[in-house]
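Before any comments, here is the structure.
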Amino acid sequence: MIDVVQLAGALIAAESVTPARGAVFDVLEAVLLPLGFAVERFVAGEAPDGPVENLLATRGSGRHLAFAGHVDVVPPGPGWSAGAFEPVIADGLLRGRGAVDMKGAVAAFVVAAARVPADAGQLTLIITGDEEGPATYGTVALIERMRARGLLPDLCLVGEPTSVAALGDMVKIGRRGSVNVWIDVPGRQGHVAYPHLADNPIRPLIAALAELDALVLDTGSEWFQPSNLEITDITVGNPATNVIPAHASARLSIRFNDLHRGADLAARVEAIVRAHAPTAQVMARVSGEAFLTAPGALSALVSSAILEVTGRTPELSTTGGTSDARFLRALCPVVEFGLLNATMHKPDEAVTLDDLAQLTDIYERTIERAFAG
């Protein structure tokens, strides 16, 4: 039988800063093939967002449960007590980049799958090497591949680290949407002593940003917290103290709930900017719409598995950032459940060995309940 700690450690040891390719997929494929999975690996995309490697593995027939995850990780950064890609087991913890986000969950699901008879139902693993990056050629490309093959799950579980204070205290049933907006306001460069001969772009930019910052988009909805708009960058790049600059730019990010659509918010921002700076350039990118998998059969079966293993009844939540569930929702109902998120993206990222074991048990029971209908 596969050991979940050993497998998680092997995945951690395969360095896979986003976008991931190669060794980490070798580890996963080597484990899945003996379990009866048909494994397909492919590389998609070109620079700057690619190339990206993805893995699609499927086994069995009948009622169909998919597990989605990623094996790419964010750069380790400084401050580690040992090498970020040198898995360390000490004090009841497994340390290493990706331990919770989310190589630990991938390992737990594979081990859970190994415990379930291959003829019990159909399992599909949707694993990308680009979730932490632009996500242009990752899960989106996997979904295209699945649709082309008619591989459509009944249910999907995403293994993102959703737990907060204790394993099993939160399941994500939706996520807010995300839109980023870039603003560039042109001016006319000139000497600060002769402002009538120049046109300072900072003034209209600040006026527009002040109006945007004062917006109250909403007060929340039944399952979602209020939408929020945050100014994330202001750039002029003027090294001189006596020059009115030729342009000024800014960037903002909106996380929005199910009361809005990304394109509508982008248009609203553009209208406000142009009211202050008619010649401004405004570019928006919607990286995902808000979505909700209403409480029902899928969240109930995951919650019952959590309760059986941990004794906890999870909170059903839509808080936090975006995830690849925003794409997977187009295939079937999707919820997210995984390890504690306290150390993700931090130095000395770590998971307790007990949590890895319990997550494996929860995933095993989830698979069994999904196949039982």
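By convention in this document, the chains of the structure tokens carry letters A, B, ... by their order, each chain's residues are numbered from 1, and ligands are numbered from 1 in the order they are shown.
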Using DSSP on the backbone, list every residue of region 165-262 of chain A that comes out as helix (DSSP H, G or I), and give them as a ChimeraX atom specification.
/A:195-197,202-213,262
Running DSSP on the backbone, which parts of region 192-234 of chain A land in strand (DSSP E), as a ChimeraX atom specification?
/A:228-234
Nearest to Ser221 (chain A): which of A:Leu292, A:Met102, A:Val192, A:Ala250 is it, counting only C-alpha atoms?
A:Leu292
Would you pick out the contacts of Leu307 (chain A) at 8 Å or less, using only C-alpha atoms, so that residues sharing its chain but fewer than 6 positions from it are not included, and give the list as a PyMOL selection string?
chain A and resi 168+313-314
Output for the residues just chosen: C-alpha atoms as a PDB file, in the first residue's frame:
ATOM      1  CA  GLY A 168     -12.382  19.896   8.248  1.00  0.00           C
ATOM      2  CA  THR A 313     -19.205  19.821  10.788  1.00  0.00           C
ATOM      3  CA  PRO A 314     -17.568  22.148   8.259  1.00  0.00           C
TER       4      PRO A 314
END
Can you pull out the residues contacting Ile2 (chain A)? Cut-off 10 Å, using only C-alpha atoms, and skip same-chain residues under 5 positions away; I want them as an mmCIF file with N, CA and C atoms, in the first residue's frame.
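The new file out-v1.cif reads:
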data_model
loop_
_atom_site.group_PDB
_atom_site.id
_atom_site.type_symbol
_atom_site.label_atom_id
_atom_site.label_comp_id
_atom_site.auth_asym_id
_atom_site.auth_seq_id
_atom_site.Cartn_x
_atom_site.Cartn_y
_atom_site.Cartn_z
ATOM 1 N N LEU A 7 4.682 9.585 -0.359
ATOM 2 C CA LEU A 7 4.311 10.128 -1.663
ATOM 3 C C LEU A 7 4.333 11.656 -1.641
ATOM 4 N N VAL A 31 3.083 6.346 -9.834
ATOM 5 C CA VAL A 31 2.186 5.820 -8.802
ATOM 6 C C VAL A 31 0.820 5.451 -9.386
ATOM 7 N N ALA A 107 -1.364 13.830 -2.944
ATOM 8 C CA ALA A 107 -0.916 12.537 -2.412
ATOM 9 C C ALA A 107 -2.040 11.838 -1.670
ATOM 10 N N ALA A 108 -2.790 12.582 -0.864
ATOM 11 C CA ALA A 108 -3.873 11.987 -0.083
ATOM 12 C C ALA A 108 -4.949 11.399 -0.993
ATOM 13 N N VAL A 110 -4.573 10.313 -4.117
ATOM 14 C CA VAL A 110 -4.042 9.132 -4.812
ATOM 15 C C VAL A 110 -4.068 7.922 -3.884
ATOM 16 N N VAL A 111 -3.661 8.115 -2.647
ATOM 17 C CA VAL A 111 -3.675 6.996 -1.691
ATOM 18 C C VAL A 111 -5.112 6.567 -1.407
ATOM 19 N N ALA A 112 -6.029 7.521 -1.306
ATOM 20 C CA ALA A 112 -7.436 7.174 -1.107
ATOM 21 C C ALA A 112 -7.961 6.359 -2.281
ATOM 22 N N ALA A 114 -6.257 4.439 -4.155
ATOM 23 C CA ALA A 114 -5.655 3.096 -4.091
ATOM 24 C C ALA A 114 -6.441 2.168 -3.182
ATOM 25 N N ARG A 115 -7.168 2.711 -2.242
ATOM 26 C CA ARG A 115 -7.938 1.899 -1.291
ATOM 27 C C ARG A 115 -9.311 1.498 -1.827
#
Which residue out of A:Pro278, A:Val335, A:Ala266, A:Ala165 has the minimum interatomic distance to Pro295 (chain A) when only C-alpha atoms are used?
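Going through A:Pro278, A:Val335, A:Ala266, A:Ala165 one by one, the smallest distance to Pro295 (chain A) is for A:Val335.
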Shell of 8 Å around Phe67 (chain A), only C-alpha atoms, local chain residues under 5 positions omitted, as a list in words
Phe109, Leu123, Thr124, Leu125, Ile126, Cys156, Leu157, Val158 and Gly159 of chain A
With all heavy atoms retained, export the selected residues as a short mmCIF file (atom, residue, chain, number, x, y, z; two decimals), in the first residue's frame.
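again36.cif, written as the output of this step:
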data_model
loop_
_atom_site.label_atom_id
_atom_site.label_comp_id
_atom_site.auth_asym_id
_atom_site.auth_seq_id
_atom_site.Cartn_x
_atom_site.Cartn_y
_atom_site.Cartn_z
N PHE A 109 -5.27 12.08 -2.08
CA PHE A 109 -6.31 11.56 -2.95
C PHE A 109 -5.83 10.32 -3.69
O PHE A 109 -6.59 9.37 -3.88
CB PHE A 109 -6.78 12.61 -3.95
CG PHE A 109 -8.04 12.20 -4.66
CD1 PHE A 109 -9.28 12.48 -4.10
CD2 PHE A 109 -8.00 11.53 -5.87
CE1 PHE A 109 -10.45 12.08 -4.73
CE2 PHE A 109 -9.16 11.12 -6.51
CZ PHE A 109 -10.40 11.40 -5.94
N LEU A 123 -13.03 7.28 -11.67
CA LEU A 123 -12.25 8.35 -11.06
C LEU A 123 -11.40 9.02 -12.13
O LEU A 123 -10.79 8.34 -12.97
CB LEU A 123 -11.31 7.80 -9.98
CG LEU A 123 -11.86 7.53 -8.58
CD1 LEU A 123 -10.76 6.99 -7.69
CD2 LEU A 123 -12.45 8.81 -7.99
N THR A 124 -11.35 10.34 -12.07
CA THR A 124 -10.47 11.09 -12.95
C THR A 124 -9.68 12.09 -12.14
O THR A 124 -10.24 12.79 -11.28
CB THR A 124 -11.28 11.84 -14.03
OG1 THR A 124 -11.92 10.90 -14.89
CG2 THR A 124 -10.38 12.74 -14.88
N LEU A 125 -8.37 12.13 -12.37
CA LEU A 125 -7.52 13.15 -11.76
C LEU A 125 -7.18 14.20 -12.81
O LEU A 125 -6.70 13.88 -13.90
CB LEU A 125 -6.23 12.54 -11.21
CG LEU A 125 -6.33 11.91 -9.82
CD1 LEU A 125 -6.97 10.52 -9.90
CD2 LEU A 125 -4.96 11.82 -9.17
N ILE A 126 -7.47 15.45 -12.47
CA ILE A 126 -7.23 16.59 -13.34
C ILE A 126 -6.11 17.40 -12.68
O ILE A 126 -6.35 18.18 -11.77
CB ILE A 126 -8.50 17.45 -13.49
CG1 ILE A 126 -9.69 16.58 -13.93
CG2 ILE A 126 -8.28 18.60 -14.45
CD1 ILE A 126 -11.03 17.29 -13.79
N CYS A 156 -17.12 17.06 -8.92
CA CYS A 156 -15.70 17.37 -8.89
C CYS A 156 -15.31 17.92 -7.52
O CYS A 156 -16.00 18.79 -6.96
CB CYS A 156 -15.35 18.39 -9.96
SG CYS A 156 -13.58 18.79 -10.05
N LEU A 157 -14.22 17.41 -6.99
CA LEU A 157 -13.65 17.86 -5.73
C LEU A 157 -12.29 18.47 -6.02
O LEU A 157 -11.44 17.85 -6.67
CB LEU A 157 -13.49 16.68 -4.76
CG LEU A 157 -12.79 16.95 -3.43
CD1 LEU A 157 -13.60 17.92 -2.59
CD2 LEU A 157 -12.57 15.64 -2.68
N VAL A 158 -12.06 19.69 -5.55
CA VAL A 158 -10.78 20.37 -5.72
C VAL A 158 -10.07 20.34 -4.37
O VAL A 158 -10.65 20.67 -3.34
CB VAL A 158 -10.99 21.83 -6.18
CG1 VAL A 158 -9.64 22.53 -6.35
CG2 VAL A 158 -11.77 21.86 -7.49
N GLY A 159 -8.79 19.97 -4.39
CA GLY A 159 -8.07 19.74 -3.14
C GLY A 159 -7.35 20.95 -2.57
O GLY A 159 -6.36 20.80 -1.86
#
Contacts of Trp182 (chain A) at 9 Å or less, counting only C-alpha atoms, minus same-chain residues fewer than 3 places along, as number ranges by chain?
A: 249-252, 281-285
Which of these residues is nearest to Tyr363 (chain A), using only C-alpha atoms: A:Asn257, A:Ser304, A:Asn228, A:Ser16?
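Comparing A:Asn257, A:Ser304, A:Asn228, A:Ser16 against Tyr363 (chain A), the winner is A:Ser304.
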Need to verify the contact set: region 173-176 of chain A, 9 Å, only C-alpha atoms, exclusion of same-chain residues closer than 6 positions in sequence. Can you return it as JSON, numbers by chain?
{"A": [223, 224, 225, 227, 255, 256, 257, 258, 288, 289, 290, 291, 292, 293, 294, 295, 299, 316, 317, 318, 319, 320, 321, 322, 323, 325, 326, 334, 335, 336]}
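Nearest to Gln358 (chain A) of all the residues A:His196, A:Pro75, A:Val4, A:Glu131 is A:Val4, counting only C-alpha atoms.
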